[in-house]
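K.L.:
Got a structure for you, final-v7.pdb, holding PDB, N, CA and C atoms.
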MODEL        1
ATOM      1  N   MET J 207     -84.374 116.467 166.377
ATOM      2  CA  MET J 207     -84.958 117.598 167.063
ATOM      3  C   MET J 207     -83.945 118.088 168.095
ATOM      4  N   GLU J 208     -83.694 119.376 168.069
ATOM      5  CA  GLU J 208     -82.725 119.963 168.994
ATOM      6  C   GLU J 208     -83.303 120.007 170.406
ATOM      7  N   LYS J 209     -82.458 119.682 171.372
ATOM      8  CA  LYS J 209     -82.865 119.710 172.776
ATOM      9  C   LYS J 209     -82.043 120.781 173.479
ATOM     10  N   LEU J 210     -82.688 121.525 174.376
ATOM     11  CA  LEU J 210     -81.961 122.495 175.168
ATOM     12  C   LEU J 210     -82.383 122.385 176.614
ATOM     13  N   ILE J 211     -81.542 122.898 177.478
ATOM     14  CA  ILE J 211     -81.840 122.911 178.907
ATOM     15  C   ILE J 211     -82.265 124.334 179.266
ATOM     16  N   PHE J 212     -83.493 124.472 179.730
ATOM     17  CA  PHE J 212     -84.038 125.755 180.154
ATOM     18  C   PHE J 212     -83.855 125.844 181.655
ATOM     19  N   GLU J 213     -83.093 126.850 182.098
ATOM     20  CA  GLU J 213     -82.815 127.017 183.524
ATOM     21  C   GLU J 213     -83.477 128.295 184.025
ATOM     22  N   PRO J 214     -84.707 128.185 184.529
ATOM     23  CA  PRO J 214     -85.399 129.379 185.032
ATOM     24  C   PRO J 214     -84.710 129.926 186.278
ATOM     25  N   GLU J 215     -84.948 131.221 186.531
ATOM     26  CA  GLU J 215     -84.359 131.836 187.727
ATOM     27  C   GLU J 215     -84.849 131.138 188.982
ATOM     28  N   GLU J 216     -86.099 130.717 188.960
ATOM     29  CA  GLU J 216     -86.673 129.976 190.083
ATOM     30  C   GLU J 216     -87.102 128.613 189.570
ATOM     31  N   GLY J 217     -86.838 127.598 190.324
ATOM     32  CA  GLY J 217     -87.265 126.262 189.916
ATOM     33  C   GLY J 217     -86.127 125.441 189.344
ATOM     34  N   SER J 218     -86.480 124.249 188.943
ATOM     35  CA  SER J 218     -85.504 123.288 188.442
ATOM     36  C   SER J 218     -85.336 123.419 186.939
ATOM     37  N   PRO J 219     -84.135 123.090 186.438
ATOM     38  CA  PRO J 219     -83.922 123.085 184.989
ATOM     39  C   PRO J 219     -84.852 122.070 184.314
ATOM     40  N   ALA J 220     -85.218 122.363 183.075
ATOM     41  CA  ALA J 220     -86.098 121.470 182.316
ATOM     42  C   ALA J 220     -85.518 121.250 180.925
ATOM     43  N   GLU J 221     -85.628 120.012 180.438
ATOM     44  CA  GLU J 221     -85.220 119.714 179.067
ATOM     45  C   GLU J 221     -86.381 120.061 178.149
ATOM     46  N   LEU J 222     -86.101 120.854 177.131
ATOM     47  CA  LEU J 222     -87.120 121.248 176.176
ATOM     48  C   LEU J 222     -86.652 120.900 174.770
ATOM     49  N   TYR J 223     -87.599 120.565 173.920
ATOM     50  CA  TYR J 223     -87.298 120.224 172.532
ATOM     51  C   TYR J 223     -87.776 121.358 171.639
ATOM     52  N   VAL J 224     -86.907 121.809 170.750
ATOM     53  CA  VAL J 224     -87.224 122.914 169.855
ATOM     54  C   VAL J 224     -87.971 122.374 168.638
ATOM     55  N   LEU J 225     -89.215 122.812 168.479
ATOM     56  CA  LEU J 225     -90.033 122.390 167.344
ATOM     57  C   LEU J 225     -89.790 123.268 166.115
ATOM     58  N   GLU J 226     -89.610 124.569 166.352
ATOM     59  CA  GLU J 226     -89.434 125.500 165.246
ATOM     60  C   GLU J 226     -88.836 126.792 165.770
ATOM     61  N   GLN J 227     -88.260 127.577 164.865
ATOM     62  CA  GLN J 227     -87.669 128.866 165.214
ATOM     63  C   GLN J 227     -88.044 129.867 164.133
ATOM     64  N   THR J 228     -88.267 131.127 164.537
ATOM     65  CA  THR J 228     -88.552 132.183 163.576
ATOM     66  C   THR J 228     -88.010 133.500 164.105
ATOM     67  N   MET J 229     -87.955 134.491 163.216
ATOM     68  CA  MET J 229     -87.516 135.820 163.616
ATOM     69  C   MET J 229     -88.575 136.824 163.170
ATOM     70  N   LEU J 230     -89.008 137.652 164.091
ATOM     71  CA  LEU J 230     -89.979 138.713 163.812
ATOM     72  C   LEU J 230     -89.446 140.015 164.364
ATOM     73  N   GLY J 231     -89.390 141.026 163.545
ATOM     74  CA  GLY J 231     -88.918 142.333 164.006
ATOM     75  C   GLY J 231     -87.521 142.284 164.591
ATOM     76  N   GLY J 232     -86.679 141.392 164.067
ATOM     77  CA  GLY J 232     -85.309 141.272 164.556
ATOM     78  C   GLY J 232     -85.163 140.477 165.841
ATOM     79  N   VAL J 233     -86.254 139.887 166.319
ATOM     80  CA  VAL J 233     -86.231 139.101 167.556
ATOM     81  C   VAL J 233     -86.426 137.629 167.209
ATOM     82  N   VAL J 234     -85.596 136.765 167.807
ATOM     83  CA  VAL J 234     -85.700 135.324 167.576
ATOM     84  C   VAL J 234     -86.670 134.724 168.580
ATOM     85  N   TYR J 235     -87.584 133.903 168.061
ATOM     86  CA  TYR J 235     -88.546 133.178 168.889
ATOM     87  C   TYR J 235     -88.385 131.692 168.605
ATOM     88  N   ILE J 236     -88.547 130.867 169.643
ATOM     89  CA  ILE J 236     -88.538 129.428 169.445
ATOM     90  C   ILE J 236     -89.795 128.833 170.058
ATOM     91  N   LEU J 237     -90.294 127.801 169.399
ATOM     92  CA  LEU J 237     -91.440 127.039 169.880
ATOM     93  C   LEU J 237     -90.889 125.765 170.479
ATOM     94  N   VAL J 238     -91.152 125.532 171.755
ATOM     95  CA  VAL J 238     -90.581 124.382 172.452
ATOM     96  C   VAL J 238     -91.663 123.560 173.136
ATOM     97  N   THR J 239     -91.330 122.306 173.420
ATOM     98  CA  THR J 239     -92.218 121.418 174.143
ATOM     99  C   THR J 239     -91.372 120.522 175.045
ATOM    100  N   GLU J 240     -91.990 119.967 176.080
ATOM    101  CA  GLU J 240     -91.275 119.059 176.983
ATOM    102  C   GLU J 240     -91.238 117.640 176.436
ATOM    103  N   GLU J 241     -92.145 117.323 175.502
ATOM    104  CA  GLU J 241     -92.252 115.974 174.957
ATOM    105  C   GLU J 241     -91.552 115.891 173.613
ATOM    106  N   GLU J 242     -90.701 114.872 173.448
ATOM    107  CA  GLU J 242     -90.010 114.715 172.177
ATOM    108  C   GLU J 242     -90.967 114.281 171.068
ATOM    109  N   GLU J 243     -91.969 113.486 171.424
ATOM    110  CA  GLU J 243     -92.949 113.026 170.447
ATOM    111  C   GLU J 243     -94.349 113.104 171.044
ATOM    112  N   GLY J 244     -95.334 113.174 170.173
ATOM    113  CA  GLY J 244     -96.715 113.194 170.632
ATOM    114  C   GLY J 244     -97.189 114.594 170.957
ATOM    115  N   ASP J 245     -98.415 114.664 171.418
ATOM    116  CA  ASP J 245     -99.005 115.947 171.775
ATOM    117  C   ASP J 245     -98.564 116.341 173.178
ATOM    118  N   GLY J 246     -98.153 117.556 173.310
ATOM    119  CA  GLY J 246     -97.740 118.067 174.607
ATOM    120  C   GLY J 246     -97.953 119.560 174.644
ATOM    121  N   GLU J 247     -97.774 120.127 175.793
ATOM    122  CA  GLU J 247     -97.898 121.570 175.919
ATOM    123  C   GLU J 247     -96.693 122.232 175.269
ATOM    124  N   ALA J 248     -96.944 123.338 174.608
ATOM    125  CA  ALA J 248     -95.880 124.076 173.937
ATOM    126  C   ALA J 248     -95.752 125.464 174.555
ATOM    127  N   LEU J 249     -94.547 125.987 174.510
ATOM    128  CA  LEU J 249     -94.265 127.345 174.974
ATOM    129  C   LEU J 249     -93.561 128.091 173.853
ATOM    130  N   ILE J 250     -93.777 129.386 173.808
ATOM    131  CA  ILE J 250     -93.017 130.228 172.890
ATOM    132  C   ILE J 250     -92.050 131.031 173.738
ATOM    133  N   LEU J 251     -90.773 130.911 173.405
ATOM    134  CA  LEU J 251     -89.722 131.624 174.120
ATOM    135  C   LEU J 251     -89.123 132.696 173.219
ATOM    136  N   LYS J 252     -88.726 133.793 173.828
ATOM    137  CA  LYS J 252     -88.163 134.944 173.130
ATOM    138  C   LYS J 252     -86.702 135.083 173.535
ATOM    139  N   ASP J 253     -85.818 135.242 172.551
ATOM    140  CA  ASP J 253     -84.388 135.414 172.825
ATOM    141  C   ASP J 253     -84.146 136.846 173.286
ATOM    142  N   ILE J 254     -83.719 137.000 174.526
ATOM    143  CA  ILE J 254     -83.442 138.327 175.083
ATOM    144  C   ILE J 254     -81.950 138.510 175.354
ATOM    145  N   SER J 255     -81.137 137.697 174.685
ATOM    146  CA  SER J 255     -79.688 137.774 174.860
ATOM    147  C   SER J 255     -79.166 139.143 174.437
ATOM    148  N   LYS J 256     -78.113 139.541 175.069
ATOM    149  CA  LYS J 256     -77.430 140.777 174.701
ATOM    150  C   LYS J 256     -76.209 140.424 173.860
ATOM    151  N   PRO J 257     -75.799 141.323 172.968
ATOM    152  CA  PRO J 257     -74.586 141.040 172.184
ATOM    153  C   PRO J 257     -73.425 140.716 173.122
ATOM    154  N   GLY J 258     -72.714 139.665 172.802
ATOM    155  CA  GLY J 258     -71.581 139.268 173.624
ATOM    156  C   GLY J 258     -71.906 138.211 174.665
ATOM    157  N   ASP J 259     -73.191 137.910 174.889
ATOM    158  CA  ASP J 259     -73.556 136.848 175.825
ATOM    159  C   ASP J 259     -73.019 135.523 175.300
ATOM    160  N   GLU J 260     -72.442 134.723 176.181
ATOM    161  CA  GLU J 260     -71.900 133.428 175.784
ATOM    162  C   GLU J 260     -72.996 132.430 175.469
ATOM    163  N   GLU J 261     -74.113 132.496 176.198
ATOM    164  CA  GLU J 261     -75.226 131.582 175.994
ATOM    165  C   GLU J 261     -76.488 132.382 175.703
ATOM    166  N   ALA J 262     -77.390 131.772 174.954
ATOM    167  CA  ALA J 262     -78.665 132.429 174.666
ATOM    168  C   ALA J 262     -79.490 132.526 175.942
ATOM    169  N   VAL J 263     -80.196 133.630 176.079
ATOM    170  CA  VAL J 263     -81.074 133.847 177.219
ATOM    171  C   VAL J 263     -82.494 134.001 176.668
ATOM    172  N   TYR J 264     -83.399 133.156 177.145
ATOM    173  CA  TYR J 264     -84.776 133.167 176.675
ATOM    174  C   TYR J 264     -85.723 133.448 177.826
ATOM    175  N   GLU J 265     -86.858 134.068 177.479
ATOM    176  CA  GLU J 265     -87.939 134.236 178.443
ATOM    177  C   GLU J 265     -89.236 133.786 177.772
ATOM    178  N   ILE J 266     -90.179 133.341 178.576
ATOM    179  CA  ILE J 266     -91.470 132.907 178.067
ATOM    180  C   ILE J 266     -92.256 134.138 177.625
ATOM    181  N   VAL J 267     -92.821 134.081 176.429
ATOM    182  CA  VAL J 267     -93.633 135.185 175.924
ATOM    183  C   VAL J 267     -94.975 135.145 176.645
ATOM    184  N   GLU J 268     -95.295 136.228 177.336
ATOM    185  CA  GLU J 268     -96.537 136.303 178.099
ATOM    186  C   GLU J 268     -97.473 137.398 177.610
ATOM    187  N   ASP J 269     -96.957 138.404 176.895
ATOM    188  CA  ASP J 269     -97.784 139.482 176.370
ATOM    189  C   ASP J 269     -98.752 138.894 175.344
ATOM    190  N   GLU J 270    -100.062 139.095 175.562
ATOM    191  CA  GLU J 270    -101.093 138.467 174.730
ATOM    192  C   GLU J 270    -100.982 138.861 173.254
ATOM    193  N   THR J 271    -100.707 140.126 172.962
ATOM    194  CA  THR J 271    -100.596 140.580 171.581
ATOM    195  C   THR J 271     -99.404 139.942 170.899
ATOM    196  N   GLU J 272     -98.264 139.987 171.563
ATOM    197  CA  GLU J 272     -97.045 139.389 171.020
ATOM    198  C   GLU J 272     -97.215 137.878 170.856
ATOM    199  N   LEU J 273     -97.790 137.235 171.865
ATOM    200  CA  LEU J 273     -97.997 135.788 171.832
ATOM    201  C   LEU J 273     -98.904 135.390 170.663
ATOM    202  N   GLY J 274     -99.981 136.126 170.455
ATOM    203  CA  GLY J 274    -100.894 135.831 169.359
ATOM    204  C   GLY J 274    -100.230 135.958 168.005
ATOM    205  N   ALA J 275     -99.432 137.000 167.824
ATOM    206  CA  ALA J 275     -98.756 137.219 166.546
ATOM    207  C   ALA J 275     -97.748 136.114 166.257
ATOM    208  N   VAL J 276     -96.948 135.768 167.250
ATOM    209  CA  VAL J 276     -95.921 134.741 167.056
ATOM    210  C   VAL J 276     -96.562 133.365 166.899
ATOM    211  N   ALA J 277     -97.608 133.088 167.665
ATOM    212  CA  ALA J 277     -98.306 131.801 167.548
ATOM    213  C   ALA J 277     -98.874 131.630 166.144
ATOM    214  N   ALA J 278     -99.421 132.698 165.569
ATOM    215  CA  ALA J 278     -99.968 132.624 164.209
ATOM    216  C   ALA J 278     -98.881 132.261 163.206
ATOM    217  N   VAL J 279     -97.695 132.809 163.371
ATOM    218  CA  VAL J 279     -96.574 132.484 162.474
ATOM    219  C   VAL J 279     -96.202 131.015 162.614
ATOM    220  N   PHE J 280     -96.086 130.526 163.846
ATOM    221  CA  PHE J 280     -95.741 129.118 164.042
ATOM    222  C   PHE J 280     -96.832 128.193 163.500
ATOM    223  N   GLU J 281     -98.098 128.572 163.659
ATOM    224  CA  GLU J 281     -99.179 127.749 163.115
ATOM    225  C   GLU J 281     -99.083 127.655 161.596
ATOM    226  N   ASP J 282     -98.718 128.761 160.934
ATOM    227  CA  ASP J 282     -98.533 128.733 159.478
ATOM    228  C   ASP J 282     -97.352 127.863 159.085
ATOM    229  N   MET J 283     -96.296 127.910 159.874
ATOM    230  CA  MET J 283     -95.093 127.123 159.574
ATOM    231  C   MET J 283     -95.339 125.634 159.775
ATOM    232  N   LEU J 284     -96.084 125.311 160.801
ATOM    233  CA  LEU J 284     -96.369 123.922 161.149
ATOM    234  C   LEU J 284     -97.853 123.677 160.934
ATOM    235  N   GLU J 285     -98.247 123.375 159.730
ATOM    236  CA  GLU J 285     -99.655 123.316 159.358
ATOM    237  C   GLU J 285    -100.500 122.386 160.213
ATOM    238  N   ASP J 286     -99.891 121.359 160.811
ATOM    239  CA  ASP J 286    -100.676 120.407 161.601
ATOM    240  C   ASP J 286    -100.690 120.750 163.097
ATOM    241  N   VAL J 287    -100.261 121.962 163.450
ATOM    242  CA  VAL J 287    -100.195 122.367 164.851
ATOM    243  C   VAL J 287    -101.149 123.527 165.082
ATOM    244  N   GLU J 288    -101.916 123.429 166.173
ATOM    245  CA  GLU J 288    -102.784 124.530 166.579
ATOM    246  C   GLU J 288    -102.354 124.993 167.957
ATOM    247  N   LEU J 289    -101.996 126.261 168.053
ATOM    248  CA  LEU J 289    -101.564 126.832 169.330
ATOM    249  C   LEU J 289    -102.681 127.690 169.874
ATOM    250  N   SER J 290    -103.149 127.343 171.063
ATOM    251  CA  SER J 290    -104.184 128.177 171.686
ATOM    252  C   SER J 290    -104.126 128.068 173.180
TER     253      SER J 290
ENDMDL
END
Rewrite the structure of this file - the entire thing - as structure tokens.
P.N.:
Amino acid sequence: MEKLIFEPEEGSPAELYVLEQTMLGGVVYILVTEEEEGDGEALILKDISKPGDEEAVYEIVEDETELGAVAAVFEDMLEDVELS
């Protein structure tokens, strides 16, 4: 499982584990969790990087419509996972 360091503008960096990745409408989304194994809280992050950026830039998806659509895709990809 791929691990990345999420460095928010405010707060401390956090290690997150990438559970799955998908692309919708040309935008990359990743499903991440703080726990490497077991049940834990999951977040959906959206890649907002600009062409030429050296590192990927992600933000937490907060728009309810967008979040619902992307969560449904991840639930289909990971049949044993329910995102709500």
K.L.:
Let me know the centre plus edge lengths, in Å and rounded to one decimal, of a box with edges along x, y and z that contains all listed atoms of stretch 260-265 of chain J and is padded by 6 Å on every side, as JSON.
P.N.:
{"center_x": -80.6, "center_y": 133.2, "center_z": 176.6, "size_x": 29.3, "size_y": 15.1, "size_z": 15.8}
K.L.:
With only C-alpha atoms as the counted atoms, please give the residues lying no more than 8 Å from stretch 217-230 of chain J, apart from itself and same-chain residues fewer than 3 positions off, as JSON, numbers by chain.
P.N.:
{"J": [207, 208, 209, 210, 211, 212, 213, 214, 233, 234, 235, 236, 237, 238, 239, 240, 241, 242, 276, 280]}
K.L.:
Using the chain letters and numbers from this document, which residues of chain J does DSSP assign to strand (DSSP E), as a PyMOL selection string?
P.N.:
chain J and resi 209-212+220-230+233-239+248-253+264-266
K.L.:
Report the residues of chain J whose backbone DSSP state falls under alpha helix (DSSP H), written as a ChimeraX atom specification.
P.N.:
/J:270-283
K.L.:
So the first atom is atom CA of J:Ile250 and the second is atom C of J:Glu216; what is the distance between them in Å, to one decimal place?
P.N.:
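A separation of 17.8 Å between them.
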K.L.:
Just how far from atom C of J:Ala262 is atom C of J:Leu249, in Å to one decimal?
P.N.:
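We find that atom C of J:Leu249 and atom C of J:Ala262 lie 14.9 Å from each other.
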K.L.:
Out of J:Lys252, J:Glu243, J:Gly232, J:Asp259, which residue has the shortest atom-to-atom distance to J:Glu272 when counting only C-alpha atoms?
P.N.:
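The answer is J:Lys252, which sits nearest to J:Glu272.
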K.L.:
Rounded to one decimal place, report the atom CA of J:Ser255-atom CA of J:Glu281 distance in Å.
P.N.:
24.9 Å
